[in-house]
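Peer 1: Supplied structure: target-v3.cif, mmCIF, C-alpha atoms.
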```cif
data_model
#
loop_
_atom_site.label_atom_id
_atom_site.label_comp_id
_atom_site.auth_asym_id
_atom_site.auth_seq_id
_atom_site.Cartn_x
_atom_site.Cartn_y
_atom_site.Cartn_z
CA MET A 1 75.28 169.37 161.96
CA LYS A 2 71.51 169.07 162.29
CA ILE A 3 69.46 171.67 160.40
CA VAL A 4 65.98 172.51 161.73
CA ARG A 5 63.94 174.59 159.29
CA SER A 6 60.73 175.23 161.22
CA LEU A 7 59.57 175.60 164.79
CA ASP A 8 57.24 172.65 164.23
CA ALA A 9 60.28 170.45 163.56
CA VAL A 10 61.97 171.18 166.91
CA GLU A 11 62.44 167.95 168.88
CA PRO A 12 63.27 167.47 172.57
CA LEU A 13 66.89 166.63 171.69
CA HIS A 14 67.29 170.11 170.11
CA ARG A 15 66.36 171.90 173.35
CA GLY A 16 68.85 173.10 175.95
CA ALA A 17 71.37 174.54 173.50
CA VAL A 18 73.43 177.71 173.65
CA ALA A 19 72.59 179.71 170.53
CA ALA A 20 74.21 182.55 168.63
CA ILE A 21 71.46 184.58 166.96
CA GLY A 22 71.74 186.70 163.81
CA ASN A 23 71.61 186.67 160.01
CA PHE A 24 75.30 185.73 159.76
CA ASP A 25 75.46 186.54 156.03
CA GLY A 26 79.05 185.76 155.10
CA VAL A 27 79.96 184.39 158.54
CA HIS A 28 82.67 187.06 158.77
CA LEU A 29 85.05 187.65 161.68
CA GLY A 30 82.52 189.81 163.53
CA HIS A 31 79.99 186.99 163.28
CA ARG A 32 82.62 184.49 164.36
CA ALA A 33 83.21 186.46 167.54
CA VAL A 34 79.53 186.02 168.42
CA ILE A 35 79.57 182.32 167.54
CA GLY A 36 82.88 181.87 169.37
CA GLU A 37 81.43 183.32 172.57
CA ALA A 38 78.44 181.00 172.24
CA ALA A 39 80.84 178.08 171.77
CA ARG A 40 82.75 179.04 174.92
CA ILE A 41 79.55 179.20 176.99
CA ALA A 42 78.27 175.95 175.48
CA GLY A 43 81.50 174.28 176.52
CA ASP A 44 81.21 175.58 180.07
CA LEU A 45 77.60 174.34 180.29
CA HIS A 46 78.27 171.07 178.44
CA ALA A 47 75.46 172.07 176.09
CA PRO A 48 75.06 171.80 172.31
CA LEU A 49 76.21 174.77 170.24
CA ALA A 50 73.46 176.20 168.05
CA VAL A 51 72.98 179.05 165.60
CA LEU A 52 69.59 180.65 165.08
CA THR A 53 69.17 182.44 161.76
CA PHE A 54 66.54 183.19 159.14
CA GLU A 55 65.75 182.34 155.52
CA PRO A 56 65.19 184.29 153.38
CA HIS A 57 67.32 187.11 154.70
CA PRO A 58 64.91 189.69 156.21
CA ARG A 59 66.28 192.33 153.85
CA ARG A 60 65.19 190.21 150.89
CA PHE A 61 61.74 189.77 152.45
CA PHE A 62 61.21 193.50 152.96
CA GLN A 63 62.91 194.54 149.69
CA PRO A 64 62.11 191.74 147.22
CA ASP A 65 63.05 193.81 144.16
CA ALA A 66 66.43 195.00 145.45
CA ALA A 67 69.63 193.95 143.68
CA ALA A 68 71.30 190.74 144.82
CA PHE A 69 73.34 191.43 147.94
CA ARG A 70 73.97 188.19 149.81
CA LEU A 71 77.48 187.00 150.61
CA THR A 72 76.41 183.41 151.22
CA THR A 73 73.61 181.16 150.06
CA SER A 74 71.72 179.18 152.67
CA GLN A 75 73.86 176.14 151.79
CA GLY A 76 77.09 178.12 151.86
CA ARG A 77 76.30 179.61 155.25
CA ALA A 78 75.46 176.18 156.61
CA ALA A 79 78.77 174.78 155.35
CA ARG A 80 80.74 177.53 157.07
CA LEU A 81 78.82 177.10 160.32
CA GLU A 82 79.43 173.37 160.29
CA GLU A 83 83.15 174.05 159.82
CA LEU A 84 82.98 176.16 163.00
CA GLY A 85 81.66 173.22 165.00
CA VAL A 86 77.98 174.18 165.23
CA ASP A 87 75.84 171.24 166.33
CA VAL A 88 72.37 172.54 165.44
CA LEU A 89 71.33 175.19 162.92
CA PHE A 90 67.87 176.64 163.47
CA GLU A 91 67.12 178.21 160.07
CA LEU A 92 63.66 179.66 160.62
CA PRO A 93 61.47 180.80 157.71
CA PHE A 94 61.13 184.58 157.63
CA ASP A 95 57.65 185.25 156.29
CA ASP A 96 54.87 187.76 156.90
CA ALA A 97 53.70 186.02 160.05
CA PHE A 98 57.20 185.93 161.52
CA ALA A 99 57.80 189.58 160.57
CA HIS A 100 54.85 190.53 162.79
CA VAL A 101 56.01 188.60 165.86
CA SER A 102 56.64 191.08 168.66
CA ALA A 103 60.03 191.31 170.32
CA GLU A 104 58.50 190.05 173.56
CA SER A 105 56.88 187.06 171.85
CA PHE A 106 60.14 186.22 170.07
CA VAL A 107 61.91 185.91 173.42
CA ASP A 108 59.06 184.26 175.34
CA ASP A 109 57.53 181.96 172.74
CA VAL A 110 60.38 181.21 170.32
CA LEU A 111 63.58 181.30 172.37
CA TYR A 112 62.19 180.12 175.70
CA ASP A 113 59.09 177.99 175.12
CA THR A 114 59.74 176.38 171.73
CA LEU A 115 63.54 176.17 171.54
CA GLY A 116 64.20 175.92 175.28
CA LEU A 117 67.55 177.66 174.95
CA ARG A 118 69.83 177.79 177.98
CA HIS A 119 71.74 180.84 176.81
CA VAL A 120 71.72 183.15 173.80
CA VAL A 121 74.51 185.30 172.39
CA VAL A 122 73.94 188.29 170.07
CA GLY A 123 75.99 191.06 168.51
CA TYR A 124 76.10 194.62 169.79
CA ASP A 125 73.69 195.83 167.07
CA PHE A 126 71.17 192.99 167.13
CA ASN A 127 67.56 194.12 166.72
CA PHE A 128 64.59 191.81 166.48
CA GLY A 129 60.83 191.52 166.55
CA HIS A 130 58.12 193.54 164.80
CA ARG A 131 59.54 196.85 163.57
CA ARG A 132 62.92 195.81 165.06
CA ARG A 133 61.88 197.06 168.48
CA GLY A 134 63.84 194.43 170.38
CA THR A 135 67.34 195.39 171.55
CA PRO A 136 70.17 193.47 173.23
CA ASP A 137 69.37 195.20 176.55
CA MET A 138 65.72 194.18 176.30
CA LEU A 139 66.74 190.62 175.43
CA ILE A 140 69.11 190.36 178.40
CA GLU A 141 66.50 191.71 180.81
CA ARG A 142 63.67 189.50 179.57
CA ALA A 143 65.84 186.37 179.39
CA GLY A 144 66.91 186.94 182.99
CA HIS A 145 63.29 187.21 184.05
CA LEU A 146 62.48 183.92 182.31
CA GLY A 147 65.52 182.17 183.73
CA PHE A 148 67.92 181.73 180.83
CA GLY A 149 71.14 183.56 180.03
CA ALA A 150 71.85 186.20 177.40
CA THR A 151 75.11 187.85 176.35
CA ARG A 152 75.83 190.79 174.08
CA VAL A 153 79.19 190.75 172.25
CA SER A 154 80.88 194.08 171.61
CA ALA A 155 81.82 195.23 168.12
CA VAL A 156 84.94 193.64 166.64
CA HIS A 157 87.25 196.11 164.89
CA GLU A 158 89.73 195.85 162.05
CA SER A 159 93.28 197.13 162.42
CA ASP A 160 92.20 200.53 161.05
CA GLY A 161 89.46 200.82 163.66
CA ALA A 162 86.53 200.03 161.36
CA VAL A 163 83.94 197.54 162.55
CA TYR A 164 83.84 194.22 160.70
CA SER A 165 80.76 194.36 158.51
CA SER A 166 79.13 192.71 155.51
CA SER A 167 79.04 196.06 153.70
CA ARG A 168 82.85 196.34 153.85
CA ILE A 169 83.14 192.88 152.34
CA ARG A 170 80.72 193.77 149.55
CA GLN A 171 82.83 196.84 148.79
CA CYS A 172 86.00 194.74 148.52
CA LEU A 173 84.33 192.34 146.12
CA ALA A 174 82.93 195.15 143.97
CA GLU A 175 86.46 196.58 143.68
CA GLY A 176 88.02 193.27 142.66
CA ASP A 177 89.80 192.77 145.97
CA PRO A 178 89.10 189.18 147.04
CA ARG A 179 92.09 189.20 149.38
CA GLY A 180 90.63 192.16 151.23
CA ALA A 181 87.30 190.35 151.48
CA ALA A 182 89.06 187.24 152.79
CA SER A 183 90.80 189.25 155.52
CA LEU A 184 87.35 190.28 156.81
CA LEU A 185 85.72 186.89 156.33
CA GLY A 186 88.50 184.81 157.83
CA SER A 187 88.61 182.72 154.63
CA PRO A 188 88.17 183.39 150.89
CA TRP A 189 84.74 184.44 149.66
CA GLU A 190 83.03 181.68 147.74
CA ILE A 191 80.29 181.00 145.24
CA ASP A 192 78.45 177.73 145.64
CA GLY A 193 75.84 176.16 143.42
CA ILE A 194 74.90 173.35 141.09
CA VAL A 195 77.15 172.98 138.05
CA GLU A 196 75.04 173.51 134.95
CA GLU A 197 75.64 172.05 131.53
CA GLY A 198 76.77 174.63 129.00
CA ASP A 199 77.64 174.59 125.33
CA ARG A 200 80.94 172.76 126.03
CA ARG A 201 82.77 175.43 124.07
CA GLY A 202 85.61 175.38 126.60
CA ARG A 203 86.39 171.78 125.74
CA THR A 204 86.94 172.70 122.10
CA ILE A 205 89.75 175.11 123.01
CA GLY A 206 91.34 172.89 125.68
CA PHE A 207 89.89 174.55 128.75
CA PRO A 208 86.74 172.73 129.95
CA THR A 209 84.85 174.63 132.64
CA ALA A 210 82.37 174.05 135.44
CA ASN A 211 79.68 176.72 135.16
CA LEU A 212 77.81 178.29 138.07
CA ARG A 213 75.17 181.02 138.30
CA LEU A 214 75.43 183.56 141.11
CA GLY A 215 71.79 183.19 142.08
CA PRO A 216 71.09 185.39 145.12
CA LEU A 217 74.75 186.28 145.66
CA ILE A 218 76.24 189.72 145.16
CA CYS A 219 78.09 190.10 141.87
CA PRO A 220 81.80 190.90 142.40
CA LYS A 221 83.88 192.79 139.85
CA LEU A 222 83.70 190.98 136.52
CA GLY A 223 86.94 189.46 135.40
CA VAL A 224 89.35 186.56 135.78
CA TYR A 225 90.30 185.10 139.16
CA ALA A 226 92.68 182.54 140.62
CA VAL A 227 90.44 180.13 142.52
CA ARG A 228 90.19 177.06 144.70
CA ALA A 229 87.21 174.76 144.34
CA ALA A 230 85.74 171.76 146.12
CA LEU A 231 82.72 169.55 145.70
CA ALA A 232 80.21 170.13 148.49
CA ASP A 233 78.91 166.58 148.76
CA GLY A 234 79.32 163.07 147.44
CA GLU A 235 82.53 161.41 146.32
CA GLY A 236 85.55 163.69 146.59
CA ALA A 237 83.74 166.27 148.73
CA GLY A 238 85.94 168.64 150.69
CA THR A 239 89.08 168.16 148.59
CA TRP A 240 90.20 171.61 147.44
CA MET A 241 91.43 171.91 143.87
CA THR A 242 93.09 174.85 142.12
CA GLY A 243 91.99 176.61 138.98
CA VAL A 244 91.25 179.78 137.06
CA ALA A 245 87.78 181.24 136.61
CA ASN A 246 86.11 183.88 134.51
CA LEU A 247 83.21 185.78 136.04
CA GLY A 248 81.30 187.64 133.38
CA VAL A 249 78.97 187.70 130.41
CA ARG A 250 81.39 186.13 127.89
CA PRO A 251 81.44 189.08 125.45
CA THR A 252 83.59 187.23 122.93
CA VAL A 253 80.90 184.61 122.32
CA ASN A 254 77.96 186.95 122.89
CA ASP A 255 76.34 185.05 125.74
CA ARG A 256 73.88 186.69 128.11
CA GLY A 257 73.85 186.65 131.88
CA VAL A 258 76.63 186.56 134.45
CA LEU A 259 78.31 183.17 134.74
CA LEU A 260 81.26 181.85 136.73
CA GLU A 261 83.25 179.50 134.48
CA THR A 262 85.88 177.56 136.41
CA HIS A 263 88.68 175.59 134.79
CA LEU A 264 90.30 173.17 137.24
CA PHE A 265 93.99 172.44 136.85
CA ASP A 266 95.14 168.87 136.22
CA ARG A 267 91.69 167.38 136.85
CA SER A 268 89.29 165.42 134.69
CA ILE A 269 86.10 164.74 136.64
CA GLU A 270 82.41 164.88 135.76
CA LEU A 271 80.82 167.82 137.57
CA TYR A 272 77.48 168.40 135.86
CA GLY A 273 74.63 168.42 138.36
CA ARG A 274 76.90 168.42 141.41
CA ARG A 275 77.20 171.17 144.01
CA LEU A 276 80.50 173.00 143.75
CA ARG A 277 82.12 175.57 146.03
CA VAL A 278 84.47 178.03 144.30
CA ARG A 279 86.60 180.42 146.37
CA LEU A 280 87.93 183.59 144.75
CA VAL A 281 91.56 183.87 145.86
CA ASP A 282 93.06 186.64 143.72
CA PHE A 283 92.04 188.96 140.89
CA ILE A 284 93.97 188.60 137.63
CA ARG A 285 92.37 191.02 135.15
CA PRO A 286 89.04 192.60 134.16
CA GLU A 287 86.84 190.89 131.61
CA ARG A 288 87.27 192.08 128.02
CA LYS A 289 86.25 191.11 124.52
CA PHE A 290 88.69 189.36 122.17
CA GLY A 291 88.92 189.27 118.39
CA GLY A 292 88.16 185.56 118.15
CA LEU A 293 88.56 182.15 119.75
CA ASP A 294 92.29 181.88 118.97
CA GLU A 295 93.00 185.14 120.78
CA LEU A 296 90.72 184.06 123.63
CA LYS A 297 92.50 180.69 123.91
CA ALA A 298 95.91 182.38 124.12
CA GLN A 299 94.68 184.73 126.84
CA ILE A 300 93.15 181.90 128.87
CA ALA A 301 96.49 180.07 128.74
CA ALA A 302 98.23 183.21 130.04
CA ASP A 303 95.57 183.63 132.75
CA ALA A 304 95.99 180.01 133.81
CA ALA A 305 99.76 180.43 134.08
CA ARG A 306 99.28 183.57 136.18
CA ALA A 307 96.75 181.80 138.41
CA ARG A 308 99.20 178.94 138.99
CA GLU A 309 101.78 181.49 140.12
CA MET A 310 99.34 183.15 142.49
CA LEU A 311 98.23 179.82 143.95
CA GLY A 312 101.74 178.37 144.14
CA VAL A 313 100.99 175.34 141.98
#
```
Can you give me the file's structure in the form of C-alpha cells?
Peer 2:
Amino acid sequence: MKIVRSLDAVEPLHRGAVAAIGNFDGVHLGHRAVIGEAARIAGDLHAPLAVLTFEPHPRRFFQPDAAAFRLTTSQGRAARLEELGVDVLFELPFDDAFAHVSAESFVDDVLYDTLGLRHVVVGYDFNFGHRRRGTPDMLIERAGHLGFGATRVSAVHESDGAVYSSSRIRQCLAEGDPRGAASLLGSPWEIDGIVEEGDRRGRTIGFPTANLRLGPLICPKLGVYAVRAALADGEGAGTWMTGVANLGVRPTVNDRGVLLETHLFDRSIELYGRRLRVRLVDFIRPERKFGGLDELKAQIAADAARAREMLGV
C-alpha cells in the first residue's frame, strides 16, 4: 500500500482512484462498510482503491489538551487498511490552514483537481470543510456537477439496533471488555508501538516482557489480559504469537506511568527497538498491588496459565 502524506506528493499514478473518506479511527465495522462499498465500486471501474484520512485526528487538533482517545495510531490504522486491500492511503496533514478550507474548496480543489478521484464514498454522518459545513448531500451534488461520482453509505447497526461507533468501542475498553470491542471492530483491539528497554526486572522472575507505551491511544481498564502479538515489520513480521500482558502502573514495584508489559509464551526473541502489535483478546483480572516479588511471580504464573486456557494454547 502506498502512503501519500501531502497534496504536494500526489503523483499522476495516484489519480483516478475510488476513495473512502473519513477519520476511520479504529477501522471498525461501520468504517469497513464504507471502505467495502468503495472497494466494490473500484472493482467495477477497474480503479485503485484509496482511503483519504487525516493526521492528526481533527479532534486532537481542535482539543489539544483533551485526554487520549484514539483507538488506532497512524501506523496501526495503516496496517488495518492494508489488510483490507487498500492500494493508496492519502493521509493528509490536518493543520490550521486545512481547518480553514471551505467545504466547496475541499471538493473542488482537493478531491477533484489535486487527487483526481473518480468516485468518493462517505458515511451517513460525514461532515467536512471549515466549520464542518459540508454534508454528504452537498458532496454528492457538487461531485455530480464536476463530473465524478459520490456515494453515501447508510448507518450500520449492531444486533441491538445501536449504530457502530468509536464511542461504543471506547466504552467496552474502559469496562474491561475486549471481546465486546472486538465484536464492533471486526478484530481484536490492539496497541502498537516501539518496544522500549526497561529495567529487565521481568527476566529476574522468569517472565521477560516487551514494554509498550500507549502514546495517543485511549487507556483501557488497567489489569491483566490474554493477548496475541506480532512484529509489524522486519524478520518474523505478521506471525501472531500468544502471551499474557499487564496494563498498568506496576504498583508492586512503584513505577510511574501506564505501561503495557507483554510476556510471550514459548518465545525467546530480541524485541527492543522493534515495532510490536499487541491485541487484547480477553480480560483476566484488574491490576492490584502484591506483598513482594515472590507473591507477584506466583500470580503471574497463574495469570499465564489462565491466558493459555483462554487462548487455547
Peer 1: Step by step, work through what the PyMOL selection byres ((chain A and resi 311) around 9) selects in the shown file, and finish by giving those residues as a ChimeraX atom specification.
Peer 2: /A:226-228,242-243,281-282,306-310,312-313
Peer 1: Just the selected residues (C-alpha atoms), exported as a PDB file, in the frame of the given file, please.
Peer 2:
```pdb
ATOM      1  CA  ALA A 226      92.680 182.540 140.620  1.00  0.00           C
ATOM      2  CA  VAL A 227      90.440 180.130 142.520  1.00  0.00           C
ATOM      3  CA  ARG A 228      90.190 177.060 144.700  1.00  0.00           C
ATOM      4  CA  THR A 242      93.090 174.850 142.120  1.00  0.00           C
ATOM      5  CA  GLY A 243      91.990 176.610 138.980  1.00  0.00           C
ATOM      6  CA  VAL A 281      91.560 183.870 145.860  1.00  0.00           C
ATOM      7  CA  ASP A 282      93.060 186.640 143.720  1.00  0.00           C
ATOM      8  CA  ARG A 306      99.280 183.570 136.180  1.00  0.00           C
ATOM      9  CA  ALA A 307      96.750 181.800 138.410  1.00  0.00           C
ATOM     10  CA  ARG A 308      99.200 178.940 138.990  1.00  0.00           C
ATOM     11  CA  GLU A 309     101.780 181.490 140.120  1.00  0.00           C
ATOM     12  CA  MET A 310      99.340 183.150 142.490  1.00  0.00           C
ATOM     13  CA  GLY A 312     101.740 178.370 144.140  1.00  0.00           C
ATOM     14  CA  VAL A 313     100.990 175.340 141.980  1.00  0.00           C
TER      15      VAL A 313
END
```
Peer 1: Step by step, work through what the PyMOL selection byres ((chain A and resi 225) around 12) selects in the shown file, and finish by giving those residues as a PyMOL selection string.
Peer 2: chain A and resi 173+176-179+189-190+220-224+226-229+242-248+260-263+278-287+300+303-308+310-311
Peer 1: Rank nothing, just name the residue among A:Ala39, A:Ala79, A:Val120, A:Ile21 nearest to Ala237 of chain A, using all atoms listed in the file.
Peer 2: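 Checking each candidate against Ala237 of chain A, we get A:Ala79 as the closest.
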Peer 1: Rank nothing, just name the residue among A:His119, A:Arg168, A:Arg213, A:Arg59 nearest to Leu146 of chain A, using all atoms listed in the file.
Peer 2: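 Comparing A:His119, A:Arg168, A:Arg213, A:Arg59 against Leu146 of chain A, the winner is A:His119.
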Peer 1: So, with all atoms listed in the file as the atoms that count, which of A:Glu270, A:Leu185, A:His31, A:Asp108 lies closest to Cys172 of chain A?
Peer 2: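 Among the listed residues, A:Leu185 lies closest to Cys172 of chain A.
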Peer 1: Can you work out which one of A:Ala298, A:Val121, A:Val34, A:Leu276 has the shortest atom-to-atom distance to Asp192 of chain A, counting only C-alpha atoms?
Peer 2: A:Leu276
Peer 1: Evaluate the PyMOL selection byres ((chain A and resi 272) around 6) against this structure - the residues, as JSON, numbers by chain, please.
Peer 2: {"A": [195, 196, 197, 271, 273, 274]}
Peer 1: For those residues, write C-alpha atoms to a file as a tab-separated table (two decimals), in the coordinates of the input.
Peer 2:
```tsv
chain	number	residue	atom	x	y	z
A	195	VAL	CA	77.15	172.98	138.05
A	196	GLU	CA	75.04	173.51	134.95
A	197	GLU	CA	75.64	172.05	131.53
A	271	LEU	CA	80.82	167.82	137.57
A	273	GLY	CA	74.63	168.42	138.36
A	274	ARG	CA	76.90	168.42	141.41
```
Peer 1: Just give me the gap between atom CA of Val163 of chain A and atom CA of Val122 of chain A in Å, one decimal is fine.
Peer 2: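 Those two atoms sit 15.6 Å apart.
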Peer 1: One decimal, in Å: what's the spacing between atom CA of Ser268 of chain A and atom CA of Thr209 of chain A?
Peer 2: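 Computing the Euclidean distance for atom CA of Ser268 of chain A and atom CA of Thr209 of chain A yields 10.4 Å.
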Peer 1: Could you pull out every residue with an atom within 10 Å of (62.5, 186.9, 170.8), file coordinates, counting all atoms listed in the file, and send them as a list of chain:residue names?
Peer 2: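 The requested residues, written out, are A:Val101, A:Ser102, A:Ala103, A:Glu104, A:Ser105, A:Phe106, A:Val107, A:Asp108, A:Asp109, A:Val110, A:Leu111, A:Tyr112, A:Asn127, A:Phe128, A:Gly129, A:His130, A:Gly134, A:Thr135, A:Met138, A:Leu139, A:Arg142, A:Ala143.
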Peer 1: Find the residues near Ile269 of chain A: any atom within 12 Å, counting all atoms listed in the file, skip ones fewer than 5 places away on the same chain, and give them as a list of chain:residue names.
Peer 2: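 Once the adjacent positions are removed, what remains is A:Pro208, A:Thr209, A:Ala210, A:Ala230, A:Leu231, A:Glu235, A:Gly236, A:Met241, A:His263, A:Leu264, A:Arg274.
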